[in-house]
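These notes concern the structure reproduced below.
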Amino acid sequence: MKEIKDVLFVGAGAVGVTFAGIIAERFPKAVRVLADGERLSRYREQGFIVNGKRYDFPVVTPAGAAKADLIIVGVKNHHIPQAVSDMKNAVGPDTLILSLLNGITSEDELTGAFGAEKVPYAMILGIDAVREGNGTRYSSPGKIHFGDAANAEGAWSGRVSRIASFFGRTGVPFTVPPNMVRNLWYKFMINVGINQVSAVIRAPYRVFQTDPHAQAVMDSAMAEVVSLSRAKGTGLVDSDIQAWRKTLAGLGPESKTSMLQDVEAGRKTEVEAFAGTVISQGRDAGVDVPVNTILYDLIKAIERGFPAAEEDFHGMESESYPGKG
């Protein structure tokens, strides 16, 4: 089993830069960032500021990227096709790829491009990082959850063990859940609920902690994910909604979801990865999803009002769920 010694970050937003900084504290030469064009010049000139400290991670181009032991993808869902094109030269026979994107479809897209053997399931929970300019600040890095669909304690697969060993040496907080698919769907349920409703009503967590009407719409959107999960056998149950409500009660009242931040900044949202996925999979599974259908139309209408501008491809601006990891 080849030891992982280096990692390439595709997407240098808040999530990617947070973990690049953690790894670089112990192994500065282990980190590289992929970029091209204007971003390449900007990253090399300005560096990356993480909690007030500057890091000058080596920035490599798609054409010049050497084969990586591990690639961590932290872009928005609608940038996956570009990310796949940009990272292909860095993918070698032993490369493993972790996607920290929101939603439940990014692994399928990366698997289609590079093969299932290279792409374990992964997600990030508990991070509260926010990116502003070339600076990223966070109080909690959360944990990276990753693994195969099922992970028996003491009997992890070779690829899971390789990544766990690397994270252990470099100080990256992580966990390997027994049921990774269920974990992905749990986070998906949360994002479908609070991310989308917050974007429509322009409300921070405080509103969802106190207002029964906002709570009702959020719960209804999440209930459709639970119904879809039940039909697909991915493990969610009705009590998961109440489990999320308990976590929500402890979040910073004035903090905002990433989709609300996207709407306020006039950026394209991830509605296709959330409501769009619920609608598509609901149709295939014969599950009615009227709340997510309405949310999809409302958010697409909001996006139509954004000024026409090309979005900067730098990665996830902030994490949508700063809950416990």
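Residue names in the structure tokens use chain letters A, B, ... in the order shown, residue numbers from 1 in each chain, and ligand numbers from 1 in the order shown.
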Please identify every residue of stretch 80-135 of chain A that has at least one atom no farther than 9 Å from an atom of stretch 181-185 of chain A, counting only C-alpha atoms, and for each give the shortest atom pair and the distance in Å to one decimal, arranged by chain then increasing number, as JSON lines.
```
{"residue": "A:Asn102", "atom": "CA", "partner": "A:Leu184", "partner_atom": "CA", "distance": 8.9}
{"residue": "A:Gly103", "atom": "CA", "partner": "A:Leu184", "partner_atom": "CA", "distance": 7.6}
{"residue": "A:Ile104", "atom": "CA", "partner": "A:Leu184", "partner_atom": "CA", "distance": 6.5}
{"residue": "A:Tyr121", "atom": "CA", "partner": "A:Val181", "partner_atom": "CA", "distance": 7.6}
{"residue": "A:Ala122", "atom": "CA", "partner": "A:Leu184", "partner_atom": "CA", "distance": 7.7}
{"residue": "A:Met123", "atom": "CA", "partner": "A:Leu184", "partner_atom": "CA", "distance": 6.9}
```
| task | Name all residues at most 10 Å from A:Tyr55 (count only C-alpha atoms; drop same-chain ones fewer than 2 positions away) and give them as a ChimeraX atom specification. | result | /A:17,20-21,24-25,28,46-50,52-53,57-58
Store the residues of this selection in a file with N, CA and C atoms, as a PDB file, in the first residue's frame.
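Saved as part_26.pdb:
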```pdb
ATOM      1  N   VAL A  17      -8.712  25.784   1.504  1.00  0.00           N
ATOM      2  CA  VAL A  17      -7.602  26.521   2.109  1.00  0.00           C
ATOM      3  C   VAL A  17      -7.482  26.200   3.602  1.00  0.00           C
ATOM      4  N   ALA A  20      -5.672  22.924   3.641  1.00  0.00           N
ATOM      5  CA  ALA A  20      -4.309  23.116   3.134  1.00  0.00           C
ATOM      6  C   ALA A  20      -3.432  23.722   4.216  1.00  0.00           C
ATOM      7  N   GLY A  21      -3.994  24.674   4.961  1.00  0.00           N
ATOM      8  CA  GLY A  21      -3.233  25.298   6.042  1.00  0.00           C
ATOM      9  C   GLY A  21      -2.920  24.326   7.168  1.00  0.00           C
ATOM     10  N   ALA A  24      -0.165  22.021   5.920  1.00  0.00           N
ATOM     11  CA  ALA A  24       1.097  22.739   5.738  1.00  0.00           C
ATOM     12  C   ALA A  24       1.788  23.068   7.048  1.00  0.00           C
ATOM     13  N   GLU A  25       1.047  23.136   8.137  1.00  0.00           N
ATOM     14  CA  GLU A  25       1.670  23.399   9.434  1.00  0.00           C
ATOM     15  C   GLU A  25       2.655  22.301   9.802  1.00  0.00           C
ATOM     16  N   PRO A  28       4.869  21.324   5.105  1.00  0.00           N
ATOM     17  CA  PRO A  28       4.685  22.405   4.125  1.00  0.00           C
ATOM     18  C   PRO A  28       4.841  21.957   2.680  1.00  0.00           C
ATOM     19  N   GLN A  46      -0.543  36.982  -4.099  1.00  0.00           N
ATOM     20  CA  GLN A  46      -1.162  37.336  -2.831  1.00  0.00           C
ATOM     21  C   GLN A  46      -1.021  36.252  -1.770  1.00  0.00           C
ATOM     22  N   GLY A  47      -0.772  35.014  -2.171  1.00  0.00           N
ATOM     23  CA  GLY A  47      -0.757  33.915  -1.220  1.00  0.00           C
ATOM     24  C   GLY A  47      -2.142  33.666  -0.659  1.00  0.00           C
ATOM     25  N   PHE A  48      -2.185  32.956   0.463  1.00  0.00           N
ATOM     26  CA  PHE A  48      -3.451  32.619   1.113  1.00  0.00           C
ATOM     27  C   PHE A  48      -3.336  32.971   2.599  1.00  0.00           C
ATOM     28  N   ILE A  49      -4.263  33.757   3.087  1.00  0.00           N
ATOM     29  CA  ILE A  49      -4.255  34.153   4.489  1.00  0.00           C
ATOM     30  C   ILE A  49      -5.281  33.296   5.230  1.00  0.00           C
ATOM     31  N   VAL A  50      -4.808  32.514   6.197  1.00  0.00           N
ATOM     32  CA  VAL A  50      -5.697  31.648   6.967  1.00  0.00           C
ATOM     33  C   VAL A  50      -5.592  32.030   8.436  1.00  0.00           C
ATOM     34  N   GLY A  52      -5.301  34.836   9.719  1.00  0.00           N
ATOM     35  CA  GLY A  52      -4.288  35.866   9.898  1.00  0.00           C
ATOM     36  C   GLY A  52      -2.878  35.480   9.489  1.00  0.00           C
ATOM     37  N   LYS A  53      -2.644  34.229   9.166  1.00  0.00           N
ATOM     38  CA  LYS A  53      -1.308  33.784   8.789  1.00  0.00           C
ATOM     39  C   LYS A  53      -1.221  33.545   7.286  1.00  0.00           C
ATOM     40  N   PHE A  57       1.340  28.513  -0.699  1.00  0.00           N
ATOM     41  CA  PHE A  57       1.315  27.159  -1.228  1.00  0.00           C
ATOM     42  C   PHE A  57       1.798  27.165  -2.676  1.00  0.00           C
ATOM     43  N   PRO A  58       2.559  26.171  -3.098  1.00  0.00           N
ATOM     44  CA  PRO A  58       2.915  26.071  -4.516  1.00  0.00           C
ATOM     45  C   PRO A  58       1.650  25.961  -5.367  1.00  0.00           C
TER      46      PRO A  58
END
```
| query | Can you list every residue in stretch 22-220 of chain A that DSSP puts in helix (DSSP H, G or I), as an NGL selection string? | reply | :A and (22-26 or 28-30 or 37-46 or 77-90 or 106-114 or 116-118 or 158-170 or 180-201 or 205-210 or 212-220)
| Within 8 Å of A:Ile194, counting only C-alpha atoms, which residues qualify if same-chain residues fewer than 5 places away don't, as a PyMOL selection string? | chain A and resi 208+218+257
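Residues in contact range of A:Ile241, defined as at most 10 Å between only C-alpha atoms, with sequence neighbours fewer than 4 positions away removed, read A:Tyr186, A:Met189, A:Ile190, A:Gly193, A:Met218, A:Asp219, A:Ser220, A:Met222, A:Ala223, A:Val226, A:Leu236, A:Val237, A:Arg245, A:Lys246.
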For those residues, write C-alpha atoms to a file as a tab-separated table (two decimals), in the first residue's frame.
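The result, written out as result.tsv:
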```
chain	number	residue	atom	x	y	z
A	186	TYR	CA	-28.16	13.32	6.33
A	189	MET	CA	-31.27	16.61	3.95
A	190	ILE	CA	-29.96	19.55	5.98
A	193	GLY	CA	-33.90	22.32	4.00
A	218	MET	CA	-37.56	23.86	6.25
A	219	ASP	CA	-38.97	20.70	7.82
A	220	SER	CA	-41.25	20.07	4.84
A	222	MET	CA	-36.30	17.90	4.54
A	223	ALA	CA	-39.24	15.49	4.92
A	226	VAL	CA	-36.43	11.48	4.10
A	236	LEU	CA	-32.82	8.35	6.79
A	237	VAL	CA	-35.74	8.28	9.23
A	245	ARG	CA	-33.33	20.87	14.90
A	246	LYS	CA	-31.38	20.16	18.12
```
| query | Within 12 Å of A:Phe146, counting only C-alpha atoms, which residues qualify if same-chain residues fewer than 5 places away don't, as an MDAnalysis selection string? | reply | chainID A and resid 72 96:100 107 119:125 151 156:157 159:164 167 173:184
Go ahead and write the selection's residues with C-alpha atoms as a CSV table (one decimal), in the first residue's frame.
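Generated output (part_15.csv):
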```csv
chain,number,residue,atom,x,y,z
A,72,ILE,CA,-9.1,17.1,-2.5
A,96,LEU,CA,-7.2,8.9,-4.7
A,97,ILE,CA,-9.8,11.6,-4.9
A,98,LEU,CA,-12.0,13.1,-2.1
A,99,SER,CA,-14.9,15.4,-2.9
A,100,LEU,CA,-15.9,17.8,-0.1
A,107,GLU,CA,-18.8,11.2,-6.3
A,119,VAL,CA,-13.2,8.0,-5.3
A,120,PRO,CA,-14.3,7.1,-1.8
A,121,TYR,CA,-17.3,8.9,-0.4
A,122,ALA,CA,-16.5,12.1,1.5
A,123,MET,CA,-18.0,15.2,3.1
A,124,ILE,CA,-17.1,17.9,5.6
A,125,LEU,CA,-19.2,18.6,8.7
A,151,ASN,CA,-16.7,0.7,6.9
A,156,TRP,CA,-11.1,-0.6,6.5
A,157,SER,CA,-10.2,-1.0,2.8
A,159,ARG,CA,-7.7,3.1,0.2
A,160,VAL,CA,-9.5,4.2,3.3
A,161,SER,CA,-6.5,3.2,5.4
A,162,ARG,CA,-4.1,5.2,3.2
A,163,ILE,CA,-6.1,8.4,3.6
A,164,ALA,CA,-6.6,7.9,7.3
A,167,PHE,CA,-4.7,12.6,7.8
A,173,PRO,CA,-9.6,16.0,11.8
A,174,PHE,CA,-11.4,13.0,10.3
A,175,THR,CA,-13.8,10.2,11.0
A,176,VAL,CA,-14.7,7.0,9.1
A,177,PRO,CA,-18.4,6.3,9.8
A,178,PRO,CA,-19.7,2.8,9.6
A,179,ASN,CA,-22.5,3.9,7.1
A,180,MET,CA,-21.0,6.6,4.9
A,181,VAL,CA,-24.0,6.7,2.5
A,182,ARG,CA,-26.4,7.5,5.3
A,183,ASN,CA,-24.1,10.3,6.5
A,184,LEU,CA,-24.1,11.9,3.0
```
| request: Pick out the residues sitting within 10 Å of A:Leu110, and hand them over as a list in words; count only C-alpha atoms, and ignore anything fewer than 2 positions along from it in its own chain. | output: Val73, Ile80, Pro81, Ala83, Val84, Ile97, Leu98, Ser99, Thr105, Ser106, Glu107, Asp108, Gly112, Ala113, Phe114, Gly115, Ala116, Lys118 and Val119 of chain A
| message | Would you compute the distance between atom CA of A:Pro141 and atom CA of A:Asp69? Give it in Å to one decimal. | response | 22.5 Å
Hey, what does DSSP flag as strand (DSSP E or B) within stretch 55-303 of chain A? Can you give it to me as a PDB file with C-alpha atoms, in the first residue's frame?
```pdb
ATOM      1  CA  TYR A  55       0.738  30.662   3.351  1.00  0.00           C
ATOM      2  CA  VAL A  59       0.389  26.806  -7.269  1.00  0.00           C
ATOM      3  CA  VAL A  60       0.515  24.548 -10.323  1.00  0.00           C
ATOM      4  CA  ALA A  68      -0.754  13.515  -6.950  1.00  0.00           C
ATOM      5  CA  ASP A  69      -1.147  10.891  -4.247  1.00  0.00           C
ATOM      6  CA  LEU A  70      -4.365  12.541  -3.032  1.00  0.00           C
ATOM      7  CA  ILE A  71      -6.622  15.151  -4.626  1.00  0.00           C
ATOM      8  CA  ILE A  72      -9.142  17.068  -2.515  1.00  0.00           C
ATOM      9  CA  VAL A  73     -11.904  18.715  -4.552  1.00  0.00           C
ATOM     10  CA  VAL A  91      -4.467  11.679 -11.698  1.00  0.00           C
ATOM     11  CA  GLY A  92      -2.138   8.704 -11.787  1.00  0.00           C
ATOM     12  CA  PRO A  93      -2.500   4.969 -11.128  1.00  0.00           C
ATOM     13  CA  ASP A  94      -2.322   5.388  -7.332  1.00  0.00           C
ATOM     14  CA  THR A  95      -4.178   8.710  -6.989  1.00  0.00           C
ATOM     15  CA  LEU A  96      -7.170   8.885  -4.650  1.00  0.00           C
ATOM     16  CA  ILE A  97      -9.791  11.643  -4.877  1.00  0.00           C
ATOM     17  CA  LEU A  98     -11.969  13.079  -2.098  1.00  0.00           C
ATOM     18  CA  SER A  99     -14.881  15.362  -2.915  1.00  0.00           C
ATOM     19  CA  TYR A 121     -17.325   8.864  -0.372  1.00  0.00           C
ATOM     20  CA  ALA A 122     -16.509  12.056   1.535  1.00  0.00           C
ATOM     21  CA  MET A 123     -17.988  15.191   3.060  1.00  0.00           C
ATOM     22  CA  ILE A 124     -17.144  17.879   5.599  1.00  0.00           C
ATOM     23  CA  LEU A 125     -19.156  18.583   8.736  1.00  0.00           C
ATOM     24  CA  GLY A 126     -18.648  21.087  11.513  1.00  0.00           C
ATOM     25  CA  ILE A 127     -16.534  23.663   9.675  1.00  0.00           C
ATOM     26  CA  VAL A 130     -15.642  31.879   5.501  1.00  0.00           C
ATOM     27  CA  ARG A 131     -13.567  33.274   2.633  1.00  0.00           C
ATOM     28  CA  GLU A 132     -13.186  37.032   2.103  1.00  0.00           C
ATOM     29  CA  GLY A 135      -8.332  35.527   3.414  1.00  0.00           C
ATOM     30  CA  THR A 136     -10.084  32.641   5.137  1.00  0.00           C
ATOM     31  CA  ARG A 137     -11.131  32.640   8.772  1.00  0.00           C
ATOM     32  CA  PRO A 141     -12.302  23.197  10.997  1.00  0.00           C
ATOM     33  CA  GLY A 142     -14.877  20.481  11.607  1.00  0.00           C
ATOM     34  CA  LYS A 143     -14.109  16.957  10.447  1.00  0.00           C
ATOM     35  CA  ILE A 144     -13.745  15.251   7.113  1.00  0.00           C
ATOM     36  CA  HIS A 145     -16.010  12.206   7.022  1.00  0.00           C
ATOM     37  CA  PHE A 146     -14.933   9.677   4.407  1.00  0.00           C
ATOM     38  CA  GLY A 147     -14.888   6.017   3.554  1.00  0.00           C
ATOM     39  CA  ALA A 150     -19.791   0.633   4.617  1.00  0.00           C
ATOM     40  CA  PHE A 174     -11.412  13.046  10.342  1.00  0.00           C
ATOM     41  CA  THR A 175     -13.754  10.184  11.025  1.00  0.00           C
ATOM     42  CA  ASN A 179     -22.456   3.918   7.134  1.00  0.00           C
TER      43      ASN A 179
END
```
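Using only C-alpha atoms, the shortest contact distance between A:Pro204 and any of A:Val287, A:Val278, A:Ile22, A:Leu248 is found at A:Leu248.
Among A:Ala152, A:Ile4, A:Leu251, A:Ala231, the residue with the shortest atom-to-atom distance to A:Gln209, counting only C-alpha atoms, is A:Leu251.
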